[in-house]
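Below: my_file_18.cif (mmCIF, C-alpha atoms and all ligand atoms)
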```cif
data_structure
loop_
_atom_site.label_atom_id
_atom_site.label_comp_id
_atom_site.auth_asym_id
_atom_site.auth_seq_id
_atom_site.Cartn_x
_atom_site.Cartn_y
_atom_site.Cartn_z
CA MET J 1 -113.91 8.34 6.22
CA SER J 2 -112.59 5.12 7.74
CA ASP J 3 -109.25 5.27 9.57
CA PHE J 4 -108.07 2.49 7.25
CA PRO J 5 -109.42 3.38 3.81
CA TYR J 6 -106.89 1.73 1.53
CA GLN J 7 -108.48 -1.59 0.57
CA LEU J 8 -105.54 -3.97 0.56
CA THR J 9 -107.75 -7.06 0.91
CA ASP J 10 -106.08 -10.23 -0.47
CA GLN J 11 -102.79 -8.37 -0.94
CA ILE J 12 -99.60 -10.09 0.18
CA ALA J 13 -97.02 -7.62 1.48
CA VAL J 14 -93.44 -7.67 2.73
CA VAL J 15 -92.02 -4.90 4.91
CA THR J 16 -88.29 -4.98 5.68
CA GLY J 17 -86.90 -3.61 8.94
CA ALA J 18 -90.31 -4.22 10.52
CA ALA J 19 -89.27 -5.08 14.09
CA GLN J 20 -89.45 -1.47 15.29
CA GLY J 21 -89.78 2.20 14.33
CA LEU J 22 -91.22 3.15 10.96
CA GLY J 23 -91.18 -0.42 9.59
CA LEU J 24 -93.31 -1.70 12.47
CA SER J 25 -95.83 1.08 11.98
CA ILE J 26 -95.91 0.52 8.19
CA ALA J 27 -96.51 -3.23 8.70
CA GLU J 28 -99.33 -2.48 11.16
CA GLN J 29 -100.90 0.09 8.83
CA LEU J 30 -100.87 -2.28 5.83
CA ALA J 31 -102.38 -5.03 7.99
CA ARG J 32 -105.08 -2.67 9.31
CA ASN J 33 -105.96 -2.01 5.68
CA ASP J 34 -106.45 -5.80 5.33
CA ALA J 35 -103.17 -6.91 3.73
CA LEU J 36 -101.39 -10.05 4.91
CA VAL J 37 -97.98 -8.72 5.93
CA TYR J 38 -94.63 -10.49 6.26
CA MET J 39 -92.55 -8.54 8.77
CA ALA J 40 -88.90 -9.12 7.82
CA ASP J 41 -86.05 -8.10 10.10
CA LEU J 42 -82.61 -9.06 11.34
CA GLN J 43 -83.78 -9.01 14.98
CA GLU J 44 -85.40 -12.43 15.35
CA GLU J 45 -86.65 -12.25 18.92
CA LYS J 46 -88.02 -8.73 18.53
CA VAL J 47 -89.78 -9.31 15.22
CA ASN J 48 -91.42 -12.45 16.63
CA ARG J 49 -92.61 -10.52 19.68
CA VAL J 50 -94.07 -7.52 17.82
CA ALA J 51 -95.72 -9.77 15.22
CA ASP J 52 -97.30 -11.72 18.09
CA ASP J 53 -98.64 -8.46 19.58
CA LEU J 54 -100.21 -7.47 16.27
CA ARG J 55 -101.68 -10.96 15.75
CA GLN J 56 -103.31 -10.71 19.17
CA GLN J 57 -105.04 -7.57 17.91
CA GLY J 58 -106.52 -9.64 15.06
CA LEU J 59 -104.10 -8.53 12.34
CA GLU J 60 -102.71 -10.92 9.73
CA VAL J 61 -98.94 -10.65 10.07
CA LYS J 62 -96.07 -13.15 9.96
CA PRO J 63 -92.52 -12.60 11.21
CA ALA J 64 -89.56 -13.50 9.00
CA VAL J 65 -85.85 -13.34 9.81
CA LEU J 66 -84.02 -11.56 7.01
CA ASP J 67 -80.75 -9.75 6.43
CA VAL J 68 -81.40 -7.48 3.44
CA THR J 69 -77.67 -7.46 2.61
CA ASN J 70 -77.82 -11.18 1.77
CA SER J 71 -79.23 -11.37 -1.76
CA GLN J 72 -79.71 -15.16 -1.64
CA SER J 73 -81.83 -14.84 1.51
CA VAL J 74 -83.87 -12.01 0.00
CA ASN J 75 -84.48 -13.99 -3.21
CA SER J 76 -85.47 -17.16 -1.38
CA LEU J 77 -87.78 -15.47 1.15
CA PHE J 78 -89.67 -13.56 -1.55
CA GLN J 79 -89.94 -16.62 -3.82
CA ARG J 80 -91.18 -18.74 -0.91
CA ILE J 81 -93.87 -16.16 -0.15
CA ALA J 82 -94.92 -15.95 -3.82
CA ASP J 83 -95.02 -19.78 -4.04
CA THR J 84 -97.10 -20.05 -0.86
CA HIS J 85 -99.73 -17.49 -1.89
CA GLY J 86 -99.44 -17.53 -5.69
CA HIS J 87 -98.52 -13.82 -5.70
CA LEU J 88 -96.54 -11.06 -3.98
CA ASP J 89 -98.27 -7.70 -4.28
CA ILE J 90 -96.46 -5.17 -2.09
CA LEU J 91 -92.86 -4.65 -1.04
CA VAL J 92 -91.80 -1.85 1.30
CA ASN J 93 -88.01 -1.52 1.39
CA ASN J 94 -87.73 0.18 4.76
CA ALA J 95 -84.61 -1.38 6.35
CA GLY J 96 -81.87 1.22 6.52
CA ILE J 97 -79.21 2.30 8.97
CA GLY J 98 -77.84 5.66 10.05
CA GLN J 99 -74.16 6.44 10.10
CA LYS J 100 -71.75 7.77 12.68
CA VAL J 101 -71.98 11.56 12.54
CA LEU J 102 -68.63 12.42 10.90
CA SER J 103 -67.31 14.73 8.21
CA ILE J 104 -66.27 13.17 4.90
CA THR J 105 -62.64 13.77 5.80
CA ASP J 106 -63.07 11.62 8.93
CA LEU J 107 -65.25 8.92 7.38
CA ASP J 108 -63.48 5.58 7.02
CA ASP J 109 -63.97 2.91 4.34
CA GLN J 110 -65.77 0.50 6.68
CA GLU J 111 -68.40 3.02 7.79
CA TRP J 112 -69.05 4.14 4.21
CA ASP J 113 -69.45 0.50 3.07
CA ARG J 114 -71.60 -0.50 6.08
CA VAL J 115 -74.16 2.25 5.44
CA LEU J 116 -74.30 1.84 1.65
CA ARG J 117 -74.58 -1.94 1.95
CA VAL J 118 -77.75 -1.96 4.04
CA THR J 119 -79.40 1.27 2.96
CA LEU J 120 -78.80 1.25 -0.79
CA THR J 121 -77.66 -2.26 -1.79
CA GLY J 122 -80.25 -3.90 0.47
CA THR J 123 -82.96 -1.84 -1.24
CA PHE J 124 -81.63 -2.90 -4.65
CA TYR J 125 -81.72 -6.59 -3.65
CA GLY J 126 -85.32 -6.20 -2.49
CA CYS J 127 -86.37 -4.35 -5.68
CA ARG J 128 -84.73 -6.95 -7.90
CA ALA J 129 -86.20 -9.98 -6.12
CA ALA J 130 -89.75 -8.56 -5.90
CA GLY J 131 -89.47 -7.02 -9.38
CA LEU J 132 -88.86 -10.43 -10.97
CA ILE J 133 -91.98 -11.85 -9.33
CA MET J 134 -94.14 -8.78 -10.03
CA GLU J 135 -92.98 -8.59 -13.66
CA ARG J 136 -94.15 -12.18 -14.17
CA GLN J 137 -97.52 -11.61 -12.52
CA GLU J 138 -97.84 -8.18 -14.22
CA SER J 139 -98.94 -6.37 -11.07
CA GLY J 140 -97.52 -5.06 -7.83
CA SER J 141 -96.37 -2.02 -5.94
CA ILE J 142 -93.00 -1.23 -4.38
CA VAL J 143 -92.38 1.63 -1.96
CA ASN J 144 -88.80 2.49 -1.06
CA ILE J 145 -88.12 4.48 2.08
CA SER J 146 -85.64 7.24 1.31
CA SER J 147 -85.30 10.38 3.46
CA ILE J 148 -85.41 14.16 3.18
CA ASN J 149 -81.60 13.70 3.27
CA GLY J 150 -81.92 11.98 -0.12
CA GLN J 151 -83.23 15.25 -1.57
CA ASN J 152 -81.32 17.76 0.56
CA PRO J 153 -78.13 16.44 2.17
CA ALA J 154 -77.31 17.26 5.80
CA ALA J 155 -73.71 17.81 6.87
CA LEU J 156 -71.80 14.98 8.57
CA VAL J 157 -73.78 12.02 7.18
CA ALA J 158 -72.45 11.79 3.60
CA ALA J 159 -72.78 8.02 3.27
CA TYR J 160 -76.38 8.12 4.45
CA ASN J 161 -77.24 11.06 2.14
CA ALA J 162 -75.67 9.28 -0.84
CA ALA J 163 -77.45 6.03 -0.04
CA LYS J 164 -80.82 7.77 0.25
CA GLU J 165 -80.31 9.77 -2.95
CA GLY J 166 -79.38 6.44 -4.56
CA VAL J 167 -82.68 4.98 -3.34
CA ILE J 168 -84.53 7.79 -5.15
CA SER J 169 -82.61 7.11 -8.37
CA LEU J 170 -83.25 3.36 -8.08
CA THR J 171 -86.95 4.07 -7.56
CA ARG J 172 -87.30 6.32 -10.59
CA THR J 173 -85.30 3.97 -12.82
CA MET J 174 -87.32 0.97 -11.76
CA ALA J 175 -90.61 2.82 -12.22
CA LEU J 176 -89.69 3.30 -15.89
CA GLU J 177 -88.57 -0.30 -16.35
CA MET J 178 -91.63 -1.81 -14.67
CA ALA J 179 -94.30 0.47 -16.11
CA ALA J 180 -94.98 -1.82 -19.09
CA TYR J 181 -95.83 -4.58 -16.60
CA GLY J 182 -98.23 -2.44 -14.57
CA VAL J 183 -95.90 -2.52 -11.56
CA ARG J 184 -95.65 0.79 -9.68
CA VAL J 185 -92.53 1.94 -7.83
CA ASN J 186 -92.51 4.99 -5.57
CA ALA J 187 -90.40 6.49 -2.80
CA VAL J 188 -91.32 8.14 0.48
CA CYS J 189 -88.93 10.67 2.03
CA PRO J 190 -89.68 10.90 5.75
CA GLY J 191 -88.74 13.89 7.83
CA PRO J 192 -87.71 13.49 11.48
CA VAL J 193 -89.52 10.85 13.53
CA TYR J 194 -88.15 10.09 17.00
CA THR J 195 -87.24 6.40 16.57
CA ASP J 196 -84.13 4.63 17.95
CA PHE J 197 -82.37 5.58 14.73
CA ASN J 198 -83.09 9.26 15.20
CA LYS J 199 -82.35 9.29 18.94
CA SER J 200 -78.81 8.15 18.30
CA ASN J 201 -78.42 10.61 15.43
CA MET J 202 -79.69 13.55 17.53
CA ALA J 203 -77.42 12.72 20.44
CA GLN J 204 -74.32 12.59 18.20
CA ARG J 205 -75.26 15.69 16.20
CA GLY J 206 -75.97 17.64 19.39
CA LYS J 207 -72.38 16.96 20.54
CA THR J 208 -70.92 18.43 17.34
CA LEU J 209 -72.95 21.62 17.90
CA ASP J 210 -72.46 21.73 21.68
CA LEU J 211 -76.20 21.30 22.32
CA THR J 212 -77.99 18.90 24.67
CA GLU J 213 -80.27 16.27 23.16
CA GLU J 214 -83.31 18.25 24.37
CA GLU J 215 -82.01 21.43 22.72
CA MET J 216 -81.44 19.50 19.48
CA ILE J 217 -84.97 18.10 19.58
CA GLU J 218 -86.42 21.58 20.06
CA ARG J 219 -84.20 23.09 17.36
CA ILE J 220 -85.43 20.51 14.86
CA ARG J 221 -89.04 20.98 15.95
CA THR J 222 -88.94 24.72 15.33
CA ALA J 223 -87.48 24.09 11.85
CA ILE J 224 -90.49 21.95 10.88
CA PRO J 225 -93.14 24.19 9.27
CA LEU J 226 -96.02 22.20 10.81
CA GLY J 227 -94.37 22.68 14.22
CA ARG J 228 -94.09 19.10 15.42
CA TRP J 229 -91.95 16.02 14.96
CA GLY J 230 -93.47 13.26 12.84
CA GLU J 231 -95.11 10.15 14.25
CA ALA J 232 -94.35 6.79 12.66
CA VAL J 233 -98.00 6.54 11.63
CA ASP J 234 -97.67 9.74 9.54
CA ILE J 235 -95.17 7.89 7.36
CA ALA J 236 -97.07 4.59 7.47
CA ARG J 237 -100.30 6.14 6.16
CA SER J 238 -98.51 7.62 3.16
CA VAL J 239 -96.99 4.22 2.38
CA ALA J 240 -100.39 2.50 2.63
CA PHE J 241 -101.82 5.09 0.24
CA LEU J 242 -99.04 4.57 -2.33
CA CYS J 243 -99.50 0.77 -2.16
CA SER J 244 -103.25 0.99 -2.64
CA PRO J 245 -105.62 1.19 -5.61
CA ALA J 246 -106.15 4.86 -4.66
CA ALA J 247 -102.66 5.49 -6.08
CA SER J 248 -103.11 3.37 -9.21
CA TRP J 249 -101.89 6.15 -11.55
CA ILE J 250 -98.88 7.13 -9.42
CA THR J 251 -95.44 5.74 -10.23
CA GLY J 252 -91.90 7.13 -10.10
CA GLU J 253 -93.13 9.60 -7.48
CA VAL J 254 -90.99 10.82 -4.60
CA LEU J 255 -93.29 11.83 -1.76
CA ARG J 256 -91.88 13.98 1.04
CA VAL J 257 -93.71 13.36 4.33
CA SER J 258 -92.03 15.78 6.68
CA GLY J 259 -94.39 18.41 8.07
CA GLY J 260 -93.08 20.65 5.29
CA MET J 261 -89.39 20.32 6.22
CA GLU J 262 -87.17 20.16 3.14
CA GLY J 263 -83.90 19.22 4.81
CA VAL J 264 -81.44 19.95 7.60
CA ALA J 265 -78.25 21.50 6.29
CA ALA J 266 -76.61 21.69 9.78
CA ALA J 267 -73.22 23.06 8.68
CA PRO J 268 -70.97 22.49 11.70
CA PRO J 269 -68.36 24.91 13.02
CA LYS J 270 -64.63 24.26 12.43
CA ARG J 271 -63.45 21.40 14.60
CA GLU J 272 -60.32 21.03 16.69
CA ARG J 273 -57.56 19.01 14.98
CA HIS J 274 -55.37 16.99 17.32
N1 LIG M 301 -86.68 7.98 11.85
C1 LIG M 301 -86.51 8.97 11.01
O1 LIG M 301 -86.57 10.13 11.39
C2 LIG M 301 -86.25 8.69 9.56
C3 LIG M 301 -86.22 9.78 8.68
C4 LIG M 301 -85.98 9.54 7.33
C5 LIG M 301 -85.79 8.25 6.88
N2 LIG M 301 -85.83 7.21 7.76
C6 LIG M 301 -85.61 5.86 7.22
O2 LIG M 301 -86.69 5.05 7.60
C7 LIG M 301 -86.25 3.69 7.73
C8 LIG M 301 -86.63 3.16 9.11
O3 LIG M 301 -86.02 4.00 10.07
P1 LIG M 301 -86.31 3.88 11.64
O4 LIG M 301 -86.17 5.25 12.17
O5 LIG M 301 -87.55 3.11 11.88
O6 LIG M 301 -85.02 3.02 12.09
P2 LIG M 301 -84.82 1.96 13.27
O7 LIG M 301 -83.34 1.88 13.45
O8 LIG M 301 -85.66 2.27 14.45
O9 LIG M 301 -85.34 0.58 12.62
C9 LIG M 301 -84.69 -0.01 11.55
C10 LIG M 301 -85.03 -1.49 11.50
O10 LIG M 301 -84.30 -2.07 10.39
C11 LIG M 301 -83.74 -3.30 10.81
N3 LIG M 301 -82.54 -3.59 10.02
C12 LIG M 301 -81.34 -2.96 10.07
N4 LIG M 301 -80.47 -3.57 9.24
C13 LIG M 301 -81.14 -4.60 8.65
C14 LIG M 301 -80.79 -5.59 7.73
N5 LIG M 301 -79.53 -5.68 7.23
N6 LIG M 301 -81.71 -6.49 7.33
C15 LIG M 301 -82.98 -6.43 7.84
N7 LIG M 301 -83.37 -5.51 8.75
C16 LIG M 301 -82.46 -4.61 9.15
C17 LIG M 301 -83.39 -3.08 12.28
O11 LIG M 301 -83.25 -4.33 12.96
C18 LIG M 301 -84.59 -2.28 12.76
O12 LIG M 301 -85.63 -3.09 13.20
C19 LIG M 301 -84.76 3.71 7.45
O13 LIG M 301 -84.53 3.40 6.10
C20 LIG M 301 -84.39 5.16 7.74
O14 LIG M 301 -83.23 5.54 7.05
C21 LIG M 301 -86.04 7.40 9.09
#
```
Represent the structure of the file as structure tokens.
Ligand SMILES: NC(=O)c1ccc[n+]([C@@H]2O[C@H](COP(=O)([O-])OP(=O)(O)OC[C@H]3O[C@@H](n4cnc5c(N)ncnc54)[C@H](O)[C@@H]3O)[C@@H](O)[C@H]2O)c1
Amino acid sequence: MSDFPYQLTDQIAVVTGAAQGLGLSIAEQLARNDALVYMADLQEEKVNRVADDLRQQGLEVKPAVLDVTNSQSVNSLFQRIADTHGHLDILVNNAGIGQKVLSITDLDDQEWDRVLRVTLTGTFYGCRAAGLIMERQESGSIVNISSINGQNPAALVAAYNAAKEGVISLTRTMALEMAAYGVRVNAVCPGPVYTDFNKSNMAQRGKTLDLTEEEMIERIRTAIPLGRWGEAVDIARSVAFLCSPAASWITGEVLRVSGGMEGVAAAPPKRERH
């Protein structure tokens, strides 16, 4: 079997949060399966640089500066892409942010709003803008990146858990609404992959449990049934599959890609009150 078996020839794709981590790997994987991929991210310089690297490897990718929390910008980027190519076939709503590791009783309004705004509302803006285009063309595939936390919440990241569970609900609702138009909407729930996002999360969580970062990494590893952390490409391949004709009868699905890990409860000990 080819390493890139998903036949996305002539497909126009957008991946949000594509400057690094999972989004970068997803963009590369779609492009290696022959899609033309718009790599949308807040980080202008970085997204330009990584898109350049991929182009030098012969892949068809284009960088785009986008803040997913700005609905006008999301609408106009997606419409511009659809106008340029006559269609928009794939959207991967990957942009999402972690939260400060804090109990609900310590979580302030700003942190709650910041996480929900990017991780859930940004995904909604993307779904709505692409959905309008895909409904009209009566084809398309959307994959939303949730998390194992969206199925099984971990302690100390309530806003993130709620946002990711919201992404699953949005996915399943939209799958029903778009089915009559032949547009498929699915979610992927990644387990732990050691990206910048996860590094910062591990370091903070380790402190609450009095463990070093290395001890945290090992503790997580041993809790993963397949015995290793994920690689970004593990997630990217599952996304390429869901976007492809090989998944043409799959919609409203929530696919956990986690080496078998179902969640990290991580109940912390009592903390000192000052
Ligand atoms: N890494 C993991 O272990 C893991 C596990 C489960 C789920 N996820 C989810 O996967 C997705 C990607 O995670 P990652 O680990 O690659 O994170 P990351 O922090 O390495 O990358 C996230 C990217 O999103 C971009 N971004 C952030 N806010 C944005 C905005 N408002 N508009 C546009 N782009 C924005 C950032 O610039 C960055 O390039 C996230 O939704 C995350 O919640 C990650």
inquiry  = So the first atom is atom CA of J:Lys62 and the second is atom CA of J:Val37; what is the distance between them in Å, to one decimal place?
reply    = 6.3 Å
query = ligand LIG 301 (chain M): which residues are within 7 Å, counting all atoms listed in the file, as a ChimeraX atom specification?
reply = /J:16-23,40-43,66-69,94-98,118-119,145-148,189-198
Please save C-alpha atoms of the selected residues as a short mmCIF file (atom, residue, chain, number, x, y, z; two decimals), keeping the file's coordinate frame.
```
data_model
loop_
_atom_site.label_atom_id
_atom_site.label_comp_id
_atom_site.auth_asym_id
_atom_site.auth_seq_id
_atom_site.Cartn_x
_atom_site.Cartn_y
_atom_site.Cartn_z
CA THR J 16 -88.29 -4.98 5.68
CA GLY J 17 -86.90 -3.61 8.94
CA ALA J 18 -90.31 -4.22 10.52
CA ALA J 19 -89.27 -5.08 14.09
CA GLN J 20 -89.45 -1.47 15.29
CA GLY J 21 -89.78 2.20 14.33
CA LEU J 22 -91.22 3.15 10.96
CA GLY J 23 -91.18 -0.42 9.59
CA ALA J 40 -88.90 -9.12 7.82
CA ASP J 41 -86.05 -8.10 10.10
CA LEU J 42 -82.61 -9.06 11.34
CA GLN J 43 -83.78 -9.01 14.98
CA LEU J 66 -84.02 -11.56 7.01
CA ASP J 67 -80.75 -9.75 6.43
CA VAL J 68 -81.40 -7.48 3.44
CA THR J 69 -77.67 -7.46 2.61
CA ASN J 94 -87.73 0.18 4.76
CA ALA J 95 -84.61 -1.38 6.35
CA GLY J 96 -81.87 1.22 6.52
CA ILE J 97 -79.21 2.30 8.97
CA GLY J 98 -77.84 5.66 10.05
CA VAL J 118 -77.75 -1.96 4.04
CA THR J 119 -79.40 1.27 2.96
CA ILE J 145 -88.12 4.48 2.08
CA SER J 146 -85.64 7.24 1.31
CA SER J 147 -85.30 10.38 3.46
CA ILE J 148 -85.41 14.16 3.18
CA CYS J 189 -88.93 10.67 2.03
CA PRO J 190 -89.68 10.90 5.75
CA GLY J 191 -88.74 13.89 7.83
CA PRO J 192 -87.71 13.49 11.48
CA VAL J 193 -89.52 10.85 13.53
CA TYR J 194 -88.15 10.09 17.00
CA THR J 195 -87.24 6.40 16.57
CA ASP J 196 -84.13 4.63 17.95
CA PHE J 197 -82.37 5.58 14.73
CA ASN J 198 -83.09 9.26 15.20
#
```
message = So, with all atoms listed in the file as the atoms that count, which of J:Leu120, J:Val183, J:Leu102, J:Ala27 lies closest to J:Ala162?
response =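 Among the listed residues, the smallest separation from J:Ala162 belongs to J:Leu120.
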task = May I ask for the distance between atom CA of J:Val143 and atom CA of J:Ala187, given in Å to one decimal place?
result =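 Spanning atom CA of J:Val143 to atom CA of J:Ala187 is a straight-line distance of 5.3 Å.
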request  = Could you please give me, as number ranges by chain, the residues of protein, DNA or RNA lying at most 12 Å from (-102.8, -10.3, 11.0) in the coordinate frame of the file, considering all atoms listed in the file?
outcome  = J: 9-10, 12-13, 27-39, 50-63
Write out, as a compact mmCIF listing (two decimals), keeping the file's coordinate frame, the residues just selected, with C-alpha atoms.
```
# COMPACT_ATOMS: atom_id res chain seq x y z
CA THR J 9 -107.75 -7.06 0.91
CA ASP J 10 -106.08 -10.23 -0.47
CA ILE J 12 -99.60 -10.09 0.18
CA ALA J 13 -97.02 -7.62 1.48
CA ALA J 27 -96.51 -3.23 8.70
CA GLU J 28 -99.33 -2.48 11.16
CA GLN J 29 -100.90 0.09 8.83
CA LEU J 30 -100.87 -2.28 5.83
CA ALA J 31 -102.38 -5.03 7.99
CA ARG J 32 -105.08 -2.67 9.31
CA ASN J 33 -105.96 -2.01 5.68
CA ASP J 34 -106.45 -5.80 5.33
CA ALA J 35 -103.17 -6.91 3.73
CA LEU J 36 -101.39 -10.05 4.91
CA VAL J 37 -97.98 -8.72 5.93
CA TYR J 38 -94.63 -10.49 6.26
CA MET J 39 -92.55 -8.54 8.77
CA VAL J 50 -94.07 -7.52 17.82
CA ALA J 51 -95.72 -9.77 15.22
CA ASP J 52 -97.30 -11.72 18.09
CA ASP J 53 -98.64 -8.46 19.58
CA LEU J 54 -100.21 -7.47 16.27
CA ARG J 55 -101.68 -10.96 15.75
CA GLN J 56 -103.31 -10.71 19.17
CA GLN J 57 -105.04 -7.57 17.91
CA GLY J 58 -106.52 -9.64 15.06
CA LEU J 59 -104.10 -8.53 12.34
CA GLU J 60 -102.71 -10.92 9.73
CA VAL J 61 -98.94 -10.65 10.07
CA LYS J 62 -96.07 -13.15 9.96
CA PRO J 63 -92.52 -12.60 11.21
```
key: Between atom CA of J:Glu135 and atom CA of J:Tyr6 - distance in Å to one decimal   = 23.0 Å
key: Nearest to J:Arg205, chosen from J:Asn149, J:Thr251, J:Asn70, J:Gln99, with only C-alpha atoms counted in the distances   =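 The answer is J:Gln99, which sits nearest to J:Arg205.
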inquiry  = Restricting the calculation to only C-alpha atoms: of J:Ile90, J:Val167, J:Leu132, J:Ile142, which residue gets closest to J:Leu8?
reply    =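 Closest candidate: J:Ile90.
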key: Selected residue, from J:Ser200, J:Thr171, J:Ser248, J:Ser71, that lies nearest to J:Arg117 when counting all atoms listed in the file   =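 Between J:Ser200, J:Thr171, J:Ser248, J:Ser71, the residue approaching J:Arg117 most closely is J:Ser71.
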remark   = Counting all atoms listed in the file, the residue among J:Leu156, J:Ala130, J:Val47, J:Glu218 that lies closest to J:Gln204 is J:Leu156
key: Distance query 9 Å from (-82.6, -17.4, 4.1) using only C-alpha atoms, result as number ranges by chain   = J: 65-67, 70, 72-77
task = Find the residue from J:Ala158, J:Val92, J:Ala203, J:Ala64 that sits nearest to J:Asp108; use all atoms listed in the file when measuring.
result = J:Ala158
inquiry  = Need to verify the contact set: J:Gly206, 12 Å, all atoms listed in the file, exclusion of same-chain residues closer than 2 positions in sequence. Can you return it as an MDAnalysis selection string?
reply    = chainID J and resid 101 156 198:204 208:220 266 268
